[in-house]
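Worksheet: one structure, shown below.
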Amino acid sequence: MIEVRVKKRALVTGGAGQDGWYLIDLLLSRGYDVFAHSRIAVDPILHGGRVSWRVGSLTDETFLKNLLAETGPDEIYNLAAVSRPAISWDIPIETALLNALVPQRICEYIRRELPACRLFQASSSEIYGDTRTALQDEETRTNPGSPYGISKAYAHQIVGAYRQQYGLHLSCGILFNHESPRRPLNFVSQKIAHAAAAAALGMTETHELDERGKPILSGGKLYLGDINVRRDFGFAGDFVEAMRLIVQHATPADYAVGTGHAHSIAEFCEAAFKVGGLDWTKHVAIDKTLLRKVDSHFTQADPSKLQSQLGWRPKIDFQALVEMMVQERMRILMTSLASADATRPLVATTTWNKAFD
């Protein structure tokens with residue numbers, strides 16, 4: 001008798017974002033049938049045309065229910081979110097609906113219709129707020145200070161409550177900062193990488209704009225806010241492997257996902273400009289208008305639980321991460337410069353308003 005193997009079905013919300021890209025590739029390599037959600041239309045040939053895309057707003061309860069019913073997933077990876085704390089102040093209601101209530105609606109649907117389905121909820125180190133503890137882990141007290149952090153804390157708590165109340169396989173990964181060449185330019189890490197790449201190519205001004213509506217590199221300078229803020233920076237490709245391990249584990253639980261090492265924004269600048277052989281102090285300036293009133297000044301994960309229970313270790317270290325980001329921005333800029341019409345100035349462009357993953 002021939003044994004028929006049925007592929008697992010995975011649904012990835014926010015699939016068009018940075019994490020979604022790496023996670024979808026990982027799941028496809030593991031033989032999954034992958035369904036992915038995006039807020040806006042995507043090119044269907046992404047990932048070799050092997051992904052079934054659904055486009056719509058998860059805050060539309062009817063759309064969400066139909067999405068879950070039509071895909072009937074064995075595993076759900078909820079990555080969709082208003083993805084930046086600063087943006088969440090501009091759209092706090094949308095942030096609450098998408099980041100907090102959508103995860104609860106997913107839990108409720110699983111409880112009622114798909115009790116065997118496993119959920120990974122993308123939590124965030126922003127739930128800790130401006131903590132002063134040396135390391136943050138699964139037991140660190142939450143103290144969020146932005147609509148983003150508060151909404152993520154709600155989702156984190158409600159997923160845990162449903163897990164305990166109903167015995168469902170619902171887990172959260174408390175994701176610390178994770179970057180990659182696929183980061184949008186509205187994140188400070190990619191903003192730094194872009195400016196460093198442009199400066200390395202001899203440019204003094206970029207066509208791409210920052211949140212002030214000015215060139216990211218202007219007069220040979222990159223303008224930043226607080227460069228003493230320290231973050232635990234990891235590689236997104238490593239983090240999605242942690243997501244997969246968390247979902248595959250027999251027992252659902254929450255895990256802090258980070259490298260265990262912290263670096264300041266100044267250190268990120270130093271490493272980025274060093275790729276092009278430049279002194280970062282000659283290219284970085286402070287603009288006080290970019291200082292945030294509410295910000296987490298220090299995050300550093302204690303990933304001991306993730307490492308001991310699931311055997312996860314990051315493969316890409318800080319220096320390699322920054323280098324790959326700068327090199328990719330250099331490639332993009334060189335391609336753009338080579339293809340630009342020399343007789344016509346390029347129009348300034350920006351992706352700064354992209355708030356969703």
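Going by the structure tokens order, chains are called A, B, ..., each with residues numbered from 1, while ligands are numbered from 1 in the order shown.
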
Query raised in the report: Running DSSP on the backbone, which parts of segment 178-271 of chain A land in strand (DSSP E or B), as a PyMOL selection string?
Result: chain A and resi 178-179+208-209+215+217-218+221-224+230-231+234-235+254-257+263-264

Output N, CA and C atoms for every residue in that selection, as a PDB file, in the first residue's frame.
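What ended up in again_20.pdb:
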ATOM      1  N   HIS A 178      15.633  42.933  14.335  1.00  0.00           N
ATOM      2  CA  HIS A 178      16.211  42.032  13.335  1.00  0.00           C
ATOM      3  C   HIS A 178      16.143  42.721  11.993  1.00  0.00           C
ATOM      4  N   GLU A 179      17.247  42.706  11.312  1.00  0.00           N
ATOM      5  CA  GLU A 179      17.440  43.486  10.098  1.00  0.00           C
ATOM      6  C   GLU A 179      17.863  42.574   8.950  1.00  0.00           C
ATOM      7  N   GLU A 208      16.547  59.352  -2.425  1.00  0.00           N
ATOM      8  CA  GLU A 208      15.605  58.830  -1.436  1.00  0.00           C
ATOM      9  C   GLU A 208      15.556  59.769  -0.230  1.00  0.00           C
ATOM     10  N   LEU A 209      14.363  59.927   0.318  1.00  0.00           N
ATOM     11  CA  LEU A 209      14.149  60.903   1.385  1.00  0.00           C
ATOM     12  C   LEU A 209      13.977  60.230   2.736  1.00  0.00           C
ATOM     13  N   PRO A 215      16.747  64.567   1.725  1.00  0.00           N
ATOM     14  CA  PRO A 215      17.575  63.432   1.289  1.00  0.00           C
ATOM     15  C   PRO A 215      18.207  62.713   2.476  1.00  0.00           C
ATOM     16  N   LEU A 217      20.984  61.138   2.595  1.00  0.00           N
ATOM     17  CA  LEU A 217      22.345  61.693   2.641  1.00  0.00           C
ATOM     18  C   LEU A 217      22.265  63.070   2.013  1.00  0.00           C
ATOM     19  N   SER A 218      22.506  64.101   2.793  1.00  0.00           N
ATOM     20  CA  SER A 218      22.368  65.479   2.330  1.00  0.00           C
ATOM     21  C   SER A 218      23.643  66.251   2.640  1.00  0.00           C
ATOM     22  N   LYS A 221      26.033  64.286   4.561  1.00  0.00           N
ATOM     23  CA  LYS A 221      25.720  63.988   5.949  1.00  0.00           C
ATOM     24  C   LYS A 221      24.446  63.153   6.082  1.00  0.00           C
ATOM     25  N   LEU A 222      24.475  62.228   7.019  1.00  0.00           N
ATOM     26  CA  LEU A 222      23.313  61.462   7.441  1.00  0.00           C
ATOM     27  C   LEU A 222      22.847  62.046   8.770  1.00  0.00           C
ATOM     28  N   TYR A 223      21.579  62.411   8.870  1.00  0.00           N
ATOM     29  CA  TYR A 223      21.067  63.020  10.087  1.00  0.00           C
ATOM     30  C   TYR A 223      20.256  62.003  10.883  1.00  0.00           C
ATOM     31  N   LEU A 224      20.617  61.860  12.158  1.00  0.00           N
ATOM     32  CA  LEU A 224      19.987  60.897  13.046  1.00  0.00           C
ATOM     33  C   LEU A 224      19.574  61.567  14.350  1.00  0.00           C
ATOM     34  N   ARG A 230      20.811  51.716  22.362  1.00  0.00           N
ATOM     35  CA  ARG A 230      21.423  50.408  22.115  1.00  0.00           C
ATOM     36  C   ARG A 230      20.341  49.374  21.825  1.00  0.00           C
ATOM     37  N   ARG A 231      20.617  48.532  20.827  1.00  0.00           N
ATOM     38  CA  ARG A 231      19.667  47.521  20.409  1.00  0.00           C
ATOM     39  C   ARG A 231      20.377  46.181  20.212  1.00  0.00           C
ATOM     40  N   GLY A 234      19.787  41.474  15.211  1.00  0.00           N
ATOM     41  CA  GLY A 234      20.012  40.158  14.629  1.00  0.00           C
ATOM     42  C   GLY A 234      19.620  40.156  13.166  1.00  0.00           C
ATOM     43  N   PHE A 235      19.799  39.003  12.520  1.00  0.00           N
ATOM     44  CA  PHE A 235      19.487  38.842  11.099  1.00  0.00           C
ATOM     45  C   PHE A 235      18.112  38.196  10.949  1.00  0.00           C
ATOM     46  N   ASP A 254       6.272  30.882  25.150  1.00  0.00           N
ATOM     47  CA  ASP A 254       6.820  32.155  24.686  1.00  0.00           C
ATOM     48  C   ASP A 254       8.336  32.106  24.782  1.00  0.00           C
ATOM     49  N   TYR A 255       8.992  32.766  23.819  1.00  0.00           N
ATOM     50  CA  TYR A 255      10.450  32.765  23.776  1.00  0.00           C
ATOM     51  C   TYR A 255      10.966  34.148  23.398  1.00  0.00           C
ATOM     52  N   ALA A 256      12.009  34.596  24.096  1.00  0.00           N
ATOM     53  CA  ALA A 256      12.727  35.797  23.695  1.00  0.00           C
ATOM     54  C   ALA A 256      13.664  35.424  22.548  1.00  0.00           C
ATOM     55  N   VAL A 257      13.551  36.152  21.435  1.00  0.00           N
ATOM     56  CA  VAL A 257      14.347  35.840  20.246  1.00  0.00           C
ATOM     57  C   VAL A 257      15.299  36.993  19.972  1.00  0.00           C
ATOM     58  N   HIS A 263      24.258  46.633  20.536  1.00  0.00           N
ATOM     59  CA  HIS A 263      25.132  47.604  19.880  1.00  0.00           C
ATOM     60  C   HIS A 263      24.398  48.926  19.756  1.00  0.00           C
ATOM     61  N   SER A 264      25.114  50.019  19.900  1.00  0.00           N
ATOM     62  CA  SER A 264      24.503  51.337  19.791  1.00  0.00           C
ATOM     63  C   SER A 264      24.307  51.714  18.325  1.00  0.00           C
TER      64      SER A 264
END

Requested in this report: Using backbone DSSP assignments, extract all helix (DSSP H, G or I) residues from segment 194-262 of chain A; output them as number ranges by chain.
Outcome: A: 194-200, 236-248

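The coordinates place atom CA of Lys214 of chain A at 15.2 Å from atom CA of Phe187 of chain A.
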
Please identify every residue of segment 43-143 of chain A that has at least one atom no farther than 8 Å from an atom of segment 147-171 of chain A, counting only C-alpha atoms, and for each give the shortest atom pair and the distance in Å to one decimal, arranged by chain then increasing number, as CSV.
residue,atom,partner,partner_atom,distance
A:Val82,CA,A:Tyr148,CA,7.3
A:Ser83,CA,A:Tyr148,CA,7.6
A:Arg84,CA,A:Tyr148,CA,6.9
A:Pro85,CA,A:Tyr148,CA,5.0
A:Ser88,CA,A:Tyr148,CA,5.4
A:Trp89,CA,A:Pro147,CA,6.3
A:Pro92,CA,A:Pro147,CA,5.8
A:Thr95,CA,A:Tyr148,CA,6.4
A:Ala96,CA,A:Ser151,CA,5.3
A:Asn99,CA,A:Ser151,CA,5.5
A:Ala100,CA,A:Ala155,CA,4.8
A:Leu101,CA,A:Ala155,CA,7.3
A:Pro103,CA,A:Ala155,CA,6.0
A:Gln104,CA,A:Ile158,CA,6.5
A:Cys107,CA,A:Val159,CA,6.9
A:Arg111,CA,A:Tyr166,CA,7.5
A:Pro115,CA,A:Leu168,CA,6.6
A:Ala116,CA,A:Leu168,CA,7.5
A:Cys117,CA,A:His169,CA,7.1
A:Arg118,CA,A:His169,CA,5.0
A:Leu119,CA,A:Leu170,CA,4.7
A:Phe120,CA,A:Ser171,CA,5.1
A:Gln121,CA,A:Ser171,CA,6.2
A:Ser123,CA,A:Lys152,CA,5.9
A:Ser124,CA,A:Lys152,CA,6.5
A:Glu126,CA,A:Gly149,CA,4.9
A:Ile127,CA,A:Gly149,CA,4.8
A:Tyr128,CA,A:Gly149,CA,7.8
A:Gly129,CA,A:Gly149,CA,7.1
A:Thr142,CA,A:Ala153,CA,7.3

Kindly save the residues from that selection, with N, CA and C atoms included, as an mmCIF file, in the first residue's frame.
data_model
loop_
_atom_site.group_PDB
_atom_site.id
_atom_site.type_symbol
_atom_site.label_atom_id
_atom_site.label_comp_id
_atom_site.auth_asym_id
_atom_site.auth_seq_id
_atom_site.Cartn_x
_atom_site.Cartn_y
_atom_site.Cartn_z
ATOM 1 N N VAL A 82 1.167 47.078 12.161
ATOM 2 C CA VAL A 82 1.747 48.412 12.020
ATOM 3 C C VAL A 82 3.115 48.283 12.656
ATOM 4 N N SER A 83 4.158 48.440 11.870
ATOM 5 C CA SER A 83 5.448 47.872 12.262
ATOM 6 C C SER A 83 6.454 48.825 12.884
ATOM 7 N N ARG A 84 6.092 50.097 13.076
ATOM 8 C CA ARG A 84 7.059 51.025 13.668
ATOM 9 C C ARG A 84 6.425 51.806 14.810
ATOM 10 N N PRO A 85 7.091 51.852 15.968
ATOM 11 C CA PRO A 85 6.568 52.613 17.103
ATOM 12 C C PRO A 85 6.255 54.065 16.768
ATOM 13 N N SER A 88 3.071 54.458 14.889
ATOM 14 C CA SER A 88 1.880 54.099 15.663
ATOM 15 C C SER A 88 1.254 55.303 16.359
ATOM 16 N N TRP A 89 2.024 56.358 16.596
ATOM 17 C CA TRP A 89 1.464 57.574 17.193
ATOM 18 C C TRP A 89 0.585 58.310 16.178
ATOM 19 N N PRO A 92 -2.949 55.508 15.857
ATOM 20 C CA PRO A 92 -3.074 54.669 17.054
ATOM 21 C C PRO A 92 -4.260 53.706 17.013
ATOM 22 N N THR A 95 -3.442 50.902 14.706
ATOM 23 C CA THR A 95 -2.434 50.092 15.384
ATOM 24 C C THR A 95 -3.078 49.142 16.379
ATOM 25 N N ALA A 96 -4.022 49.648 17.169
ATOM 26 C CA ALA A 96 -4.702 48.811 18.160
ATOM 27 C C ALA A 96 -5.492 47.697 17.490
ATOM 28 N N ASN A 99 -2.699 45.287 15.510
ATOM 29 C CA ASN A 99 -1.679 44.647 16.337
ATOM 30 C C ASN A 99 -2.244 43.886 17.530
ATOM 31 N N ALA A 100 -3.408 44.315 18.023
ATOM 32 C CA ALA A 100 -3.962 43.715 19.242
ATOM 33 C C ALA A 100 -5.192 42.856 18.982
ATOM 34 N N LEU A 101 -6.198 43.421 18.310
ATOM 35 C CA LEU A 101 -7.454 42.704 18.164
ATOM 36 C C LEU A 101 -7.410 41.617 17.093
ATOM 37 N N PRO A 103 -4.864 39.548 16.369
ATOM 38 C CA PRO A 103 -4.374 38.305 16.989
ATOM 39 C C PRO A 103 -5.414 37.630 17.870
ATOM 40 N N GLN A 104 -6.206 38.424 18.598
ATOM 41 C CA GLN A 104 -7.250 37.818 19.425
ATOM 42 C C GLN A 104 -8.320 37.151 18.561
ATOM 43 N N CYS A 107 -6.993 33.861 17.471
ATOM 44 C CA CYS A 107 -7.085 32.889 18.568
ATOM 45 C C CYS A 107 -8.512 32.360 18.713
ATOM 46 N N ARG A 111 -9.822 28.543 18.249
ATOM 47 C CA ARG A 111 -10.575 27.862 19.313
ATOM 48 C C ARG A 111 -11.861 27.244 18.787
ATOM 49 N N PRO A 115 -8.968 23.849 16.144
ATOM 50 C CA PRO A 115 -8.265 23.626 17.417
ATOM 51 C C PRO A 115 -6.917 22.923 17.286
ATOM 52 N N ALA A 116 -6.680 22.244 16.156
ATOM 53 C CA ALA A 116 -5.393 21.572 15.964
ATOM 54 C C ALA A 116 -4.348 22.490 15.331
ATOM 55 N N CYS A 117 -4.779 23.667 14.892
ATOM 56 C CA CYS A 117 -3.871 24.608 14.232
ATOM 57 C C CYS A 117 -2.896 25.201 15.247
ATOM 58 N N ARG A 118 -1.661 25.397 14.803
ATOM 59 C CA ARG A 118 -0.635 26.014 15.652
ATOM 60 C C ARG A 118 -0.398 27.452 15.216
ATOM 61 N N LEU A 119 -0.222 28.321 16.191
ATOM 62 C CA LEU A 119 -0.044 29.751 15.914
ATOM 63 C C LEU A 119 1.299 30.253 16.416
ATOM 64 N N PHE A 120 1.975 31.021 15.556
ATOM 65 C CA PHE A 120 3.113 31.825 15.994
ATOM 66 C C PHE A 120 2.696 33.280 15.920
ATOM 67 N N GLN A 121 2.763 33.969 17.042
ATOM 68 C CA GLN A 121 2.448 35.386 17.104
ATOM 69 C C GLN A 121 3.748 36.171 17.251
ATOM 70 N N SER A 123 5.554 38.752 18.604
ATOM 71 C CA SER A 123 5.585 39.741 19.667
ATOM 72 C C SER A 123 6.833 40.607 19.475
ATOM 73 N N SER A 124 7.082 41.520 20.369
ATOM 74 C CA SER A 124 8.154 42.493 20.158
ATOM 75 C C SER A 124 8.823 42.878 21.466
ATOM 76 N N GLU A 126 9.530 45.704 22.164
ATOM 77 C CA GLU A 126 8.945 46.987 22.543
ATOM 78 C C GLU A 126 7.936 46.837 23.677
ATOM 79 N N ILE A 127 7.510 45.603 23.976
ATOM 80 C CA ILE A 127 6.586 45.411 25.101
ATOM 81 C C ILE A 127 7.270 45.733 26.430
ATOM 82 N N TYR A 128 8.608 45.728 26.451
ATOM 83 C CA TYR A 128 9.335 46.019 27.687
ATOM 84 C C TYR A 128 9.427 47.515 27.953
ATOM 85 N N GLY A 129 9.263 48.340 26.916
ATOM 86 C CA GLY A 129 9.386 49.783 27.089
ATOM 87 C C GLY A 129 10.813 50.177 27.429
ATOM 88 N N THR A 142 6.562 43.828 31.576
ATOM 89 C CA THR A 142 6.240 44.680 30.435
ATOM 90 C C THR A 142 5.942 46.098 30.916
#

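Counting only C-alpha atoms, the residue from A:Ile286, A:Ile76, A:Leu58, A:Ile316 that sits nearest to Arg9 of chain A is A:Ile76.
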
Requested in this report: Tell me, in Å to one decimal, how far atom CA of Trp312 of chain A is from atom CA of Gly258 of chain A.
Outcome: 10.2 Å

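Of the residues under consideration (A:Pro252, A:Pro144, A:Pro73, A:Gly202), A:Pro73 shows the shortest atom-to-atom contact distance to Ile106 of chain A when counting only C-alpha atoms.
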
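Closest to Pro181 of chain A among A:Gly237, A:Gly276, A:Gly219, A:Pro44 is A:Gly237, based on only C-alpha atoms.
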
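What separates atom CA of Asn228 of chain A from atom CA of Ile87 of chain A is a distance of 21.2 Å.
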
Report task. Do a neighbour search on Val326 of chain A at 9 Å with only C-alpha atoms, toss out local chain neighbours closer than 3 positions, and write the hits as a ChimeraX atom specification. Result -> /A:181,190,192-197,272-273,275-276,321-323,329-331

Neighbours of Leu11 of chain A within 7 Å (only C-alpha atoms; same-chain residues fewer than 3 positions away dropped), as a PDB file with N, CA and C atoms, in the first residue's frame?
ATOM      1  N   VAL A  34       2.174  26.978   0.939  1.00  0.00           N
ATOM      2  CA  VAL A  34       2.193  28.272   1.619  1.00  0.00           C
ATOM      3  C   VAL A  34       1.130  29.204   1.051  1.00  0.00           C
ATOM      4  N   PHE A  35       0.327  29.729   1.958  1.00  0.00           N
ATOM      5  CA  PHE A  35      -0.622  30.792   1.650  1.00  0.00           C
ATOM      6  C   PHE A  35      -0.110  32.041   2.352  1.00  0.00           C
ATOM      7  N   ALA A  36      -0.130  33.151   1.650  1.00  0.00           N
ATOM      8  CA  ALA A  36       0.392  34.378   2.239  1.00  0.00           C
ATOM      9  C   ALA A  36      -0.595  35.513   2.066  1.00  0.00           C
ATOM     10  N   PRO A  73      -5.336  26.444   7.456  1.00  0.00           N
ATOM     11  CA  PRO A  73      -3.923  26.156   7.735  1.00  0.00           C
ATOM     12  C   PRO A  73      -3.694  25.216   8.908  1.00  0.00           C
ATOM     13  N   GLU A  75      -0.668  25.635  10.305  1.00  0.00           N
ATOM     14  CA  GLU A  75       0.152  26.573  11.064  1.00  0.00           C
ATOM     15  C   GLU A  75      -0.115  27.985  10.576  1.00  0.00           C
ATOM     16  N   ILE A  76      -0.200  28.914  11.507  1.00  0.00           N
ATOM     17  CA  ILE A  76      -0.369  30.323  11.179  1.00  0.00           C
ATOM     18  C   ILE A  76       0.809  31.091  11.767  1.00  0.00           C
ATOM     19  N   TYR A  77       1.420  31.912  10.947  1.00  0.00           N
ATOM     20  CA  TYR A  77       2.494  32.796  11.398  1.00  0.00           C
ATOM     21  C   TYR A  77       1.967  34.221  11.225  1.00  0.00           C
TER      22      TYR A  77
END

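With only C-alpha atoms as the basis for measurement, A:Asp33 is the residue among A:Asp33, A:Asp43, A:Asp279, A:Asp287 that approaches Gly72 of chain A most closely.
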
Report the closest atom pair, with its distance in Å rounded to one decimal, for each residue of segment 46-68 of chain A that has an atom no farther than 12 Å from segment 13-19 of chain A; count only C-alpha atoms, sort by chain and then rising residue number, and write it as CSV.
residue,atom,partner,partner_atom,distance
A:Leu46,CA,A:Ala16,CA,9.5
A:His47,CA,A:Ala16,CA,10.8
A:Val51,CA,A:Gly15,CA,10.0
A:Ser52,CA,A:Gly15,CA,10.7
A:Trp53,CA,A:Gly15,CA,8.7
A:Arg54,CA,A:Thr13,CA,9.2
A:Val55,CA,A:Gly14,CA,9.9
A:Gly56,CA,A:Thr13,CA,10.4
A:Ser57,CA,A:Gly14,CA,10.2
A:Leu58,CA,A:Thr13,CA,8.6
A:Leu64,CA,A:Thr13,CA,10.2
A:Leu67,CA,A:Thr13,CA,9.9
A:Leu68,CA,A:Thr13,CA,10.5

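Residue nearest Asp137 of chain A within the list A:Ala199, A:Ala80, A:Ile174, A:Ile246: A:Ile174 [criterion: smallest interatomic distance, only C-alpha atoms].
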